[in-house]
file target-v3.txt (compact mmCIF, C-alpha atoms and all ligand atoms)
# COMPACT_ATOMS: atom_id res chain seq x y z
CA MET A 1 75.26 -26.05 -68.33
CA ILE A 2 76.42 -27.22 -64.95
CA GLY A 3 79.99 -26.16 -64.10
CA LEU A 4 82.48 -28.82 -63.00
CA CYS A 5 85.51 -27.11 -61.49
CA ASP A 6 86.76 -29.01 -58.49
CA TRP A 7 85.68 -31.41 -55.78
CA PRO A 8 83.48 -29.72 -53.18
CA GLU A 9 85.52 -31.14 -50.26
CA PRO A 10 89.08 -32.37 -49.71
CA VAL A 11 89.52 -35.83 -51.22
CA VAL A 12 90.18 -38.73 -48.83
CA ARG A 13 91.59 -41.97 -50.27
CA VAL A 14 89.49 -44.93 -49.15
CA GLN A 15 92.56 -47.15 -49.34
CA SER A 16 94.28 -44.95 -46.71
CA LEU A 17 91.24 -45.25 -44.44
CA SER A 18 91.27 -49.02 -44.88
CA GLU A 19 94.99 -49.28 -44.20
CA SER A 20 94.75 -47.10 -41.08
CA GLY A 21 93.62 -50.22 -39.19
CA LYS A 22 90.62 -48.45 -37.57
CA ARG A 23 87.78 -50.84 -36.69
CA THR A 24 85.06 -48.30 -37.53
CA ILE A 25 84.43 -46.33 -40.70
CA PRO A 26 83.90 -42.54 -40.77
CA ASP A 27 80.28 -41.35 -40.72
CA ARG A 28 80.66 -40.08 -44.30
CA TYR A 29 80.59 -43.71 -45.49
CA ILE A 30 77.64 -44.93 -43.42
CA LYS A 31 74.61 -45.43 -45.64
CA PRO A 32 71.08 -44.75 -44.37
CA PRO A 33 69.48 -47.99 -43.10
CA SER A 34 67.31 -48.38 -46.22
CA ASP A 35 70.41 -48.49 -48.47
CA ARG A 36 72.55 -50.78 -46.35
CA PRO A 37 73.29 -54.21 -47.76
CA SER A 38 71.99 -57.32 -46.15
CA LEU A 39 75.10 -59.47 -46.02
CA ILE A 40 73.04 -62.59 -45.52
CA ASN A 41 72.12 -63.35 -49.09
CA SER A 42 68.44 -64.18 -49.15
CA SER A 43 68.37 -65.07 -52.86
CA PRO A 44 68.55 -68.79 -53.67
CA PRO A 45 72.19 -69.86 -54.19
CA ASP A 46 71.54 -71.28 -57.65
CA ILE A 47 70.25 -67.99 -59.12
CA ASN A 48 72.72 -66.26 -61.40
CA ILE A 49 72.58 -64.00 -64.44
CA PRO A 50 72.46 -65.85 -67.81
CA LEU A 51 75.73 -67.31 -69.08
CA ILE A 52 76.13 -67.20 -72.87
CA ASP A 53 78.77 -68.91 -74.98
CA LEU A 54 79.57 -66.50 -77.81
CA SER A 55 81.36 -69.13 -79.89
CA GLY A 56 77.83 -69.98 -81.08
CA LEU A 57 77.85 -66.79 -83.17
CA THR A 58 80.81 -67.80 -85.30
CA ASN A 59 81.12 -71.59 -85.32
CA GLY A 60 79.42 -71.88 -88.71
CA ASP A 61 76.33 -73.77 -87.50
CA LEU A 62 73.27 -71.67 -88.42
CA ALA A 63 70.93 -73.29 -85.92
CA VAL A 64 73.40 -72.67 -83.09
CA ARG A 65 73.84 -69.05 -84.21
CA GLU A 66 70.05 -68.56 -84.15
CA SER A 67 69.75 -69.98 -80.68
CA THR A 68 72.67 -67.83 -79.43
CA LEU A 69 70.95 -64.73 -80.84
CA LYS A 70 67.79 -65.75 -79.02
CA GLU A 71 69.65 -66.33 -75.75
CA ILE A 72 71.13 -62.82 -76.00
CA SER A 73 67.75 -61.30 -76.82
CA ASP A 74 66.09 -63.02 -73.85
CA ALA A 75 68.93 -62.02 -71.53
CA CYS A 76 68.67 -58.36 -72.59
CA ARG A 77 64.92 -58.27 -72.20
CA GLU A 78 64.63 -60.26 -69.00
CA TRP A 79 67.82 -59.41 -67.14
CA GLY A 80 69.75 -56.55 -68.76
CA PHE A 81 72.81 -58.40 -67.49
CA PHE A 82 74.57 -61.51 -68.75
CA GLN A 83 77.98 -63.12 -68.67
CA VAL A 84 79.77 -64.14 -71.84
CA ILE A 85 82.47 -66.73 -72.38
CA ASN A 86 84.43 -67.52 -75.56
CA HIS A 87 84.19 -63.80 -76.24
CA GLY A 88 87.44 -63.55 -78.20
CA LEU A 89 89.65 -62.14 -75.44
CA LYS A 90 92.50 -64.45 -74.48
CA PRO A 91 92.44 -65.65 -70.86
CA GLU A 92 95.95 -64.21 -70.29
CA LEU A 93 94.76 -60.80 -71.44
CA VAL A 94 91.70 -60.91 -69.18
CA ASP A 95 93.76 -61.87 -66.12
CA GLY A 96 96.61 -59.56 -67.11
CA ALA A 97 94.39 -56.47 -67.40
CA ARG A 98 92.87 -57.00 -63.95
CA GLU A 99 96.13 -57.87 -62.22
CA ILE A 100 98.10 -54.96 -63.67
CA TRP A 101 95.53 -52.59 -62.24
CA ARG A 102 95.69 -54.32 -58.87
CA GLU A 103 99.43 -53.65 -58.98
CA PHE A 104 98.77 -50.00 -59.73
CA PHE A 105 96.60 -49.66 -56.63
CA HIS A 106 99.41 -51.17 -54.58
CA GLU A 107 101.89 -48.55 -55.78
CA SER A 108 102.79 -45.91 -53.18
CA MET A 109 100.30 -43.12 -52.51
CA GLU A 110 102.86 -40.69 -53.89
CA VAL A 111 102.79 -42.43 -57.30
CA LYS A 112 98.97 -42.58 -57.38
CA GLN A 113 98.53 -38.96 -56.32
CA ARG A 114 100.40 -37.81 -59.42
CA TYR A 115 97.28 -38.79 -61.35
CA ALA A 116 94.67 -37.29 -58.99
CA ASN A 117 91.54 -36.46 -61.00
CA SER A 118 89.10 -33.56 -61.12
CA PRO A 119 85.36 -33.70 -61.85
CA LYS A 120 85.91 -31.97 -65.20
CA THR A 121 86.66 -35.21 -67.03
CA TYR A 122 87.05 -37.61 -64.10
CA GLU A 123 90.14 -38.92 -65.83
CA GLY A 124 92.78 -40.24 -63.45
CA TYR A 125 92.86 -41.44 -59.84
CA GLY A 126 89.68 -40.62 -57.92
CA SER A 127 87.76 -41.39 -54.77
CA ARG A 128 84.31 -39.91 -55.23
CA LEU A 129 81.59 -39.71 -57.85
CA GLY A 130 79.28 -36.72 -57.88
CA LEU A 131 79.64 -33.21 -56.54
CA GLN A 132 76.98 -32.92 -53.88
CA LYS A 133 78.64 -31.41 -50.81
CA GLY A 134 78.15 -33.54 -47.69
CA SER A 135 76.85 -36.57 -49.60
CA ILE A 136 77.43 -40.07 -48.22
CA LEU A 137 80.40 -41.54 -50.07
CA ASP A 138 81.14 -44.99 -51.44
CA TRP A 139 83.90 -47.26 -50.13
CA CYS A 140 85.92 -47.24 -53.35
CA ASP A 141 88.84 -45.60 -55.11
CA TYR A 142 88.98 -45.76 -58.88
CA TYR A 143 90.98 -44.92 -61.96
CA PHE A 144 89.21 -43.47 -64.97
CA LEU A 145 90.64 -43.43 -68.51
CA HIS A 146 89.28 -42.33 -71.84
CA TYR A 147 90.16 -44.66 -74.67
CA LEU A 148 88.03 -43.49 -77.61
CA PRO A 149 87.81 -41.19 -79.41
CA SER A 150 91.59 -41.00 -79.42
CA SER A 151 91.45 -37.19 -79.69
CA LEU A 152 90.11 -37.21 -76.11
CA LYS A 153 92.93 -39.32 -74.72
CA ASP A 154 94.95 -37.34 -72.26
CA HIS A 155 98.29 -39.05 -72.59
CA ASN A 156 99.47 -37.68 -69.25
CA LYS A 157 96.78 -39.68 -67.56
CA TRP A 158 98.33 -43.05 -68.29
CA PRO A 159 100.09 -44.20 -65.12
CA ASP A 160 103.77 -44.83 -65.84
CA LYS A 161 103.83 -47.56 -63.21
CA PRO A 162 103.60 -50.54 -63.58
CA SER A 163 105.62 -49.99 -66.73
CA SER A 164 103.66 -52.41 -68.94
CA LEU A 165 100.23 -51.10 -67.84
CA ARG A 166 99.59 -48.98 -70.90
CA GLU A 167 100.49 -51.74 -73.34
CA VAL A 168 98.25 -54.29 -71.60
CA VAL A 169 95.33 -51.90 -71.22
CA GLU A 170 95.51 -50.68 -74.84
CA GLU A 171 95.39 -54.31 -76.00
CA TYR A 172 92.50 -55.10 -73.66
CA SER A 173 90.62 -51.97 -74.83
CA LYS A 174 91.06 -52.85 -78.48
CA GLU A 175 89.58 -56.30 -77.91
CA ILE A 176 86.69 -54.97 -75.83
CA VAL A 177 85.76 -52.48 -78.56
CA LYS A 178 85.71 -55.39 -81.06
CA LEU A 179 83.40 -57.30 -78.74
CA GLY A 180 81.19 -54.19 -78.47
CA ASN A 181 80.95 -54.01 -82.26
CA VAL A 182 79.89 -57.67 -82.43
CA LEU A 183 77.21 -57.20 -79.78
CA LEU A 184 75.81 -54.03 -81.37
CA GLU A 185 75.29 -56.05 -84.53
CA VAL A 186 73.56 -58.80 -82.56
CA PHE A 187 71.31 -56.27 -80.81
CA SER A 188 70.41 -54.62 -84.14
CA ILE A 189 69.43 -57.98 -85.62
CA ASN A 190 67.51 -58.95 -82.50
CA LEU A 191 65.58 -55.67 -82.56
CA GLY A 192 64.60 -56.22 -86.20
CA LEU A 193 66.83 -53.36 -87.42
CA LYS A 194 69.46 -53.41 -90.15
CA HIS A 195 72.54 -55.29 -88.91
CA ASP A 196 74.67 -52.10 -88.82
CA TYR A 197 71.93 -49.81 -87.49
CA LEU A 198 73.18 -49.43 -83.94
CA GLN A 199 76.82 -49.23 -84.94
CA ASN A 200 75.95 -46.34 -87.27
CA VAL A 201 73.89 -44.43 -84.75
CA PHE A 202 76.62 -44.92 -82.16
CA GLY A 203 78.92 -42.99 -84.53
CA GLY A 204 80.20 -45.70 -86.92
CA GLY A 205 83.96 -45.94 -86.36
CA ASP A 206 83.75 -43.06 -83.88
CA VAL A 207 82.19 -44.70 -80.84
CA GLY A 208 83.21 -43.54 -77.38
CA ALA A 209 84.93 -45.88 -74.92
CA CYS A 210 86.23 -45.35 -71.43
CA LEU A 211 87.34 -47.48 -68.55
CA ARG A 212 86.74 -47.17 -64.85
CA VAL A 213 88.82 -49.47 -62.72
CA ASN A 214 87.26 -49.85 -59.30
CA PHE A 215 89.34 -50.69 -56.26
CA TYR A 216 87.32 -51.65 -53.21
CA PRO A 217 89.63 -51.85 -50.19
CA LYS A 218 88.81 -54.10 -47.22
CA CYS A 219 86.09 -52.52 -45.14
CA PRO A 220 85.83 -53.12 -41.36
CA GLN A 221 82.05 -52.49 -41.33
CA PRO A 222 80.73 -53.89 -44.63
CA ASP A 223 77.18 -54.01 -43.29
CA LEU A 224 77.06 -50.19 -43.09
CA ALA A 225 78.71 -49.21 -46.37
CA LEU A 226 78.53 -49.83 -50.12
CA GLY A 227 81.46 -50.09 -52.52
CA LEU A 228 79.33 -48.50 -55.20
CA SER A 229 75.83 -47.15 -54.61
CA SER A 230 72.91 -48.37 -56.59
CA HIS A 231 73.00 -46.94 -60.11
CA SER A 232 72.21 -47.79 -63.70
CA ASP A 233 74.90 -47.06 -66.26
CA PRO A 234 74.32 -44.06 -68.50
CA GLY A 235 76.20 -45.33 -71.58
CA GLY A 236 75.44 -47.75 -74.38
CA LEU A 237 76.91 -50.99 -73.12
CA THR A 238 79.17 -51.88 -70.21
CA PHE A 239 81.69 -54.72 -70.19
CA LEU A 240 82.52 -55.58 -66.64
CA LEU A 241 85.51 -57.66 -65.73
CA PRO A 242 84.88 -58.74 -62.16
CA ASP A 243 87.29 -59.98 -59.54
CA GLU A 244 86.97 -63.74 -59.87
CA ASP A 245 87.85 -64.41 -56.25
CA VAL A 246 85.73 -61.83 -54.49
CA SER A 247 82.08 -61.39 -55.34
CA GLY A 248 80.44 -58.05 -54.62
CA LEU A 249 78.34 -57.03 -57.61
CA GLN A 250 74.61 -57.20 -56.93
CA ILE A 251 71.79 -56.53 -59.36
CA ARG A 252 68.27 -55.56 -58.51
CA ARG A 253 65.60 -58.05 -59.47
CA GLY A 254 62.21 -56.87 -58.21
CA GLU A 255 62.63 -56.29 -54.49
CA GLU A 256 65.69 -58.50 -54.22
CA TRP A 257 69.41 -57.93 -54.67
CA ILE A 258 71.07 -60.85 -56.43
CA THR A 259 74.79 -61.37 -55.99
CA VAL A 260 76.44 -62.14 -59.34
CA LYS A 261 78.70 -65.19 -59.33
CA PRO A 262 81.51 -64.56 -61.81
CA VAL A 263 82.69 -67.40 -64.07
CA ARG A 264 86.38 -67.86 -64.83
CA HIS A 265 87.55 -65.52 -67.61
CA GLY A 266 83.96 -64.46 -68.26
CA ILE A 267 82.98 -60.88 -69.00
CA ILE A 268 79.72 -59.45 -67.71
CA VAL A 269 77.72 -57.48 -70.26
CA ILE A 270 75.36 -54.79 -69.05
CA SER A 271 73.00 -53.80 -71.84
CA ASN A 272 71.69 -50.30 -71.34
CA ALA A 273 69.11 -48.02 -72.87
CA ILE A 274 68.54 -50.42 -75.77
CA TYR A 275 66.85 -52.90 -73.52
CA LYS A 276 66.79 -52.74 -69.73
CA SER A 277 69.12 -50.43 -67.85
CA VAL A 278 69.30 -52.39 -64.65
CA GLU A 279 70.18 -51.02 -61.24
CA HIS A 280 73.22 -52.54 -59.64
CA ARG A 281 75.50 -51.86 -56.70
CA VAL A 282 78.59 -53.29 -55.04
CA ILE A 283 79.00 -54.56 -51.51
CA VAL A 284 82.37 -54.63 -49.74
CA ASN A 285 84.27 -57.24 -47.82
CA PRO A 286 86.00 -57.15 -44.42
CA ASN A 287 88.81 -59.54 -45.37
CA LYS A 288 89.49 -59.05 -49.06
CA GLU A 289 90.02 -56.16 -51.41
CA ARG A 290 88.28 -56.35 -54.79
CA VAL A 291 89.24 -55.03 -58.24
CA SER A 292 86.86 -54.67 -61.19
CA LEU A 293 87.19 -53.09 -64.63
CA ALA A 294 84.06 -51.42 -65.98
CA TYR A 295 84.44 -50.66 -69.67
CA PHE A 296 81.85 -48.23 -70.97
CA TYR A 297 81.12 -48.48 -74.70
CA ASN A 298 79.28 -45.31 -75.62
CA PRO A 299 77.78 -43.43 -78.52
CA LYS A 300 79.82 -40.65 -80.12
CA ALA A 301 79.54 -37.77 -77.67
CA ASP A 302 77.94 -35.08 -79.86
CA LEU A 303 75.28 -37.21 -81.54
CA LEU A 304 71.69 -36.65 -80.57
CA ILE A 305 70.38 -39.75 -78.81
CA HIS A 306 66.80 -40.77 -79.49
CA PRO A 307 64.95 -44.03 -80.07
CA ALA A 308 65.13 -45.66 -83.50
CA PRO A 309 62.11 -44.24 -85.40
CA GLU A 310 61.39 -47.81 -86.57
CA LEU A 311 60.76 -48.81 -82.96
CA ILE A 312 58.40 -45.95 -82.03
CA THR A 313 54.74 -46.89 -82.18
CA PRO A 314 51.63 -45.57 -80.39
CA GLU A 315 52.10 -48.43 -77.91
CA THR A 316 55.84 -47.82 -77.51
CA PRO A 317 56.29 -44.05 -77.66
CA SER A 318 59.56 -42.23 -77.02
CA ARG A 319 59.94 -41.98 -73.25
CA TYR A 320 62.73 -39.42 -72.80
CA PRO A 321 63.75 -36.12 -74.37
CA SER A 322 66.44 -36.36 -77.07
CA MET A 323 69.84 -35.04 -75.99
CA THR A 324 73.48 -35.53 -76.82
CA PHE A 325 75.40 -38.15 -74.90
CA ASP A 326 77.77 -35.39 -73.73
CA ASP A 327 74.94 -33.45 -72.07
CA TYR A 328 73.54 -36.56 -70.49
CA ARG A 329 76.95 -37.58 -69.14
CA LEU A 330 77.56 -34.12 -67.69
CA PHE A 331 74.34 -34.46 -65.75
CA ILE A 332 75.34 -37.87 -64.38
CA ARG A 333 78.83 -36.67 -63.48
CA THR A 334 77.36 -33.95 -61.33
CA LYS A 335 74.85 -36.16 -59.57
CA GLY A 336 76.96 -39.24 -58.92
CA PRO A 337 75.55 -42.76 -58.74
CA GLN A 338 71.95 -42.18 -57.73
CA GLY A 339 70.26 -45.00 -59.55
CA LYS A 340 67.06 -44.48 -61.38
CA SER A 341 66.37 -41.12 -59.75
CA GLN A 342 68.89 -39.62 -62.16
CA VAL A 343 66.73 -40.43 -65.12
CA GLU A 344 63.53 -39.48 -63.33
CA SER A 345 64.79 -35.97 -62.58
CA LEU A 346 66.08 -35.64 -66.12
CA LYS A 347 62.60 -36.38 -67.40
CA SER A 348 61.12 -33.68 -65.20
CA GLN A 349 63.69 -31.12 -66.45
CA SER A 350 62.55 -31.49 -70.02
O1 LIG B 401 82.59 -53.44 -59.41
C1 LIG B 401 81.63 -53.92 -59.99
O2 LIG B 401 81.42 -55.13 -60.03
C2 LIG B 401 80.61 -53.02 -60.66
C3 LIG B 401 81.17 -51.70 -61.12
C4 LIG B 401 80.16 -50.79 -61.73
O3 LIG B 401 78.97 -51.04 -61.71
C5 LIG B 401 80.61 -49.55 -62.36
O4 LIG B 401 81.82 -49.25 -62.33
O5 LIG B 401 79.73 -48.82 -62.90

call {"tool": "encode", "arguments": {"input": "target-v3.txt", "output": "structure tokens", "more": "lines below"}}
Ligand SMILES: O=C(O)CCC(=O)C(=O)O
result
Amino acid sequence: MIGLCDWPEPVVRVQSLSESGKRTIPDRYIKPPSDRPSLINSSPPDINIPLIDLSGLTNGDLAVRESTLKEISDACREWGFFQVINHGLKPELVDGAREIWREFFHESMEVKQRYANSPKTYEGYGSRLGLQKGSILDWCDYYFLHYLPSSLKDHNKWPDKPSSLREVVEEYSKEIVKLGNVLLEVFSINLGLKHDYLQNVFGGGDVGACLRVNFYPKCPQPDLALGLSSHSDPGGLTFLLPDEDVSGLQIRRGEEWITVKPVRHGIIVISNAIYKSVEHRVIVNPNKERVSLAYFYNPKADLLIHPAPELITPETPSRYPSMTFDDYRLFIRTKGPQGKSQVESLKSQS
């Protein structure tokens, strides 16, 4: 087991660097040339991830339901990323959850520091991912919270300011978990499994859920830095609530990086191991801060993760060693966001 005691270096808040007014960023944030973003978007402006109207699943019309299932299946297989609308979350809740977190990041540093996190659980206010001493850092502060299982919730980690934050975020979390349950059923059906297959192997009523709120302060040299390095999410499904006014999320498609254009009140779904686990990253902006909420819907932590036996065939063998989600997450927490190489080195450890 890898030990996670404390950060290897003193923690610097990216927001403080941004607010210092310096025109250059510290070397620690300058990415090697091969990882730097091209801020001139070369992808055609009309390319976007699929947009799916989830009301088609419940409006009572069987043909529409079938075609919505097919749209989701195609999006998972071809993109690994799609946006959903009419997902069941009220627009006020979607806006409220994002804006209350923005308010948190504009509280004084003294308030935020009360919740400073450690790499042990990552829960709380943080500014780096991964423990490699001397690594190049991302231009982002974040807040990490466990929501499920409730036994894991560290109640001291809920910020007490803004005062309504906990109420809004609990409500948002409850609705996101419901949406996760709906999509697991859709994925099971689309994969030809029993409709409750994935829900059961994720732990039934005991799924894991946690939230990372990303705060990307203005960056004076956005062409040299990344808000979040290229990575693919380790969990089951991610529900990403982007900042509607500031784009920044890019997904890899072949050799290109495509900038996702958020739709109003839409939620971006990132389907992981089940289908494609797509690399993505975030670029930063010289004039605008950006807030996003990444909600990770995960399997129960101590269950052994392996492919559904029904889906293993000589042509589609199991590709990775079985391990618990806890062990896998510990590995990722140590490495930080290093994209596909995380999984590659995991394979070679087995
Ligand atoms: O900020 C975003 O749009 C993406 C965030 C993300 O990929 C993550 O938190 O894992």

call {"tool": "residues_around", "arguments": {"input": "target-v3.txt", "residues": "segment 228-230 of chain A", "least_positions_apart": "6", "cutoff": "12 Å", "atoms": "all atoms listed in the file", "output": "ChimeraX atom specification"}}
result
/A:29-32,34-37,127-130,135-142,214-217,222,248-252,257,278-284,290,292,336-342

call {"tool": "closest_residue", "arguments": {"input": "target-v3.txt", "among": "A:Leu224, A:Gln132, A:Leu193, A:Phe81", "to": "ligand LIG 401 (chain B)", "atoms": "all atoms listed in the file"}}
result
A:Phe81

call {"tool": "residues_around", "arguments": {"input": "target-v3.txt", "residues": "Trp7 of chain A", "least_positions_apart": "4", "cutoff": "8 Å", "atoms": "all atoms listed in the file", "output": "list in words"}}
result
Val11, Ser118, Pro119 and Leu131 of chain A

call {"tool": "write_last_selection", "arguments": {"input": "target-v3.txt", "atoms": "C-alpha atoms", "output": "PDB file, keeping the file's coordinate frame"}}
result
ATOM      1  CA  VAL A  11      89.520 -35.830 -51.220  1.00  0.00           C
ATOM      2  CA  SER A 118      89.100 -33.560 -61.120  1.00  0.00           C
ATOM      3  CA  PRO A 119      85.360 -33.700 -61.850  1.00  0.00           C
ATOM      4  CA  LEU A 131      79.640 -33.210 -56.540  1.00  0.00           C
TER       5      LEU A 131
END

call {"tool": "closest_residue", "arguments": {"input": "target-v3.txt", "among": "A:Pro33, A:Pro262, A:Pro309, A:Pro8", "to": "ligand LIG 401 (chain B)", "atoms": "all atoms listed in the file"}}
result
A:Pro262

call {"tool": "atom_distance", "arguments": {"input": "target-v3.txt", "atom1": "atom CA of Tyr125 of chain A", "atom2": "atom CA of Gln113 of chain A"}}
result
7.1 Å

call {"tool": "closest_residue", "arguments": {"input": "target-v3.txt", "among": "A:Ile47, A:Val269, A:Ile312, A:Met109", "to": "Leu184 of chain A", "atoms": "only C-alpha atoms"}}
result
A:Val269

call {"tool": "closest_residue", "arguments": {"input": "target-v3.txt", "among": "A:Val291, A:Val12, A:Ile72, A:Leu198", "to": "ligand LIG 401 (chain B)", "atoms": "only C-alpha atoms and all ligand atoms"}}
result
A:Val291

call {"tool": "residues_near_point", "arguments": {"input": "target-v3.txt", "point": "(74.9, -48.5, -84.3)", "cutoff": "12 Å", "atoms": "only C-alpha atoms", "output": "short mmCIF file (atom, residue, chain, number, x, y, z; two decimals) with C-alpha atoms, keeping the file's coordinate frame"}}
result
data_model
loop_
_atom_site.label_atom_id
_atom_site.label_comp_id
_atom_site.auth_asym_id
_atom_site.auth_seq_id
_atom_site.Cartn_x
_atom_site.Cartn_y
_atom_site.Cartn_z
CA GLY A 180 81.19 -54.19 -78.47
CA ASN A 181 80.95 -54.01 -82.26
CA VAL A 182 79.89 -57.67 -82.43
CA LEU A 183 77.21 -57.20 -79.78
CA LEU A 184 75.81 -54.03 -81.37
CA GLU A 185 75.29 -56.05 -84.53
CA VAL A 186 73.56 -58.80 -82.56
CA PHE A 187 71.31 -56.27 -80.81
CA SER A 188 70.41 -54.62 -84.14
CA ILE A 189 69.43 -57.98 -85.62
CA LEU A 191 65.58 -55.67 -82.56
CA LEU A 193 66.83 -53.36 -87.42
CA LYS A 194 69.46 -53.41 -90.15
CA HIS A 195 72.54 -55.29 -88.91
CA ASP A 196 74.67 -52.10 -88.82
CA TYR A 197 71.93 -49.81 -87.49
CA LEU A 198 73.18 -49.43 -83.94
CA GLN A 199 76.82 -49.23 -84.94
CA ASN A 200 75.95 -46.34 -87.27
CA VAL A 201 73.89 -44.43 -84.75
CA PHE A 202 76.62 -44.92 -82.16
CA GLY A 203 78.92 -42.99 -84.53
CA GLY A 204 80.20 -45.70 -86.92
CA GLY A 205 83.96 -45.94 -86.36
CA ASP A 206 83.75 -43.06 -83.88
CA VAL A 207 82.19 -44.70 -80.84
CA GLY A 208 83.21 -43.54 -77.38
CA GLY A 236 75.44 -47.75 -74.38
CA LEU A 237 76.91 -50.99 -73.12
CA ILE A 274 68.54 -50.42 -75.77
CA TYR A 297 81.12 -48.48 -74.70
CA ASN A 298 79.28 -45.31 -75.62
CA PRO A 299 77.78 -43.43 -78.52
CA LYS A 300 79.82 -40.65 -80.12
CA LEU A 303 75.28 -37.21 -81.54
CA ILE A 305 70.38 -39.75 -78.81
CA PRO A 307 64.95 -44.03 -80.07
CA ALA A 308 65.13 -45.66 -83.50
#

call {"tool": "residues_around", "arguments": {"input": "target-v3.txt", "residues": "Val169 of chain A", "least_positions_apart": "2", "cutoff": "12 Å", "atoms": "all atoms listed in the file", "output": "NGL selection string"}}
result
:A and (93-101 or 145-147 or 158-159 or 162-167 or 171-176 or 210-213 or 293 or 295)

call {"tool": "atom_distance", "arguments": {"input": "target-v3.txt", "atom1": "atom CA of Asp223 of chain A", "atom2": "atom CA of Asn285 of chain A"}}
result
9.0 Å

call {"tool": "closest_residue", "arguments": {"input": "target-v3.txt", "among": "A:Arg28, A:Arg23, A:Lys157, A:Arg77", "to": "Leu226 of chain A", "atoms": "only C-alpha atoms"}}
result
A:Arg28

call {"tool": "closest_residue", "arguments": {"input": "target-v3.txt", "among": "A:Gly254, A:Pro50, A:Gly235, A:Gly21", "to": "ligand LIG 401 (chain B)", "atoms": "all atoms listed in the file"}}
result
A:Gly235

call {"tool": "atom_distance", "arguments": {"input": "target-v3.txt", "atom1": "atom CA of Gly56 of chain A", "atom2": "atom CA of Thr68 of chain A"}}
result
5.8 Å

call {"tool": "axis_aligned_box", "arguments": {"input": "target-v3.txt", "around": "ligand LIG 401 (chain B)", "padding_each_side": "5 Å", "output": "JSON"}}
result
{"center_x": 80.8, "center_y": -52.0, "center_z": -61.2, "size_x": 13.6, "size_y": 16.3, "size_z": 13.5}
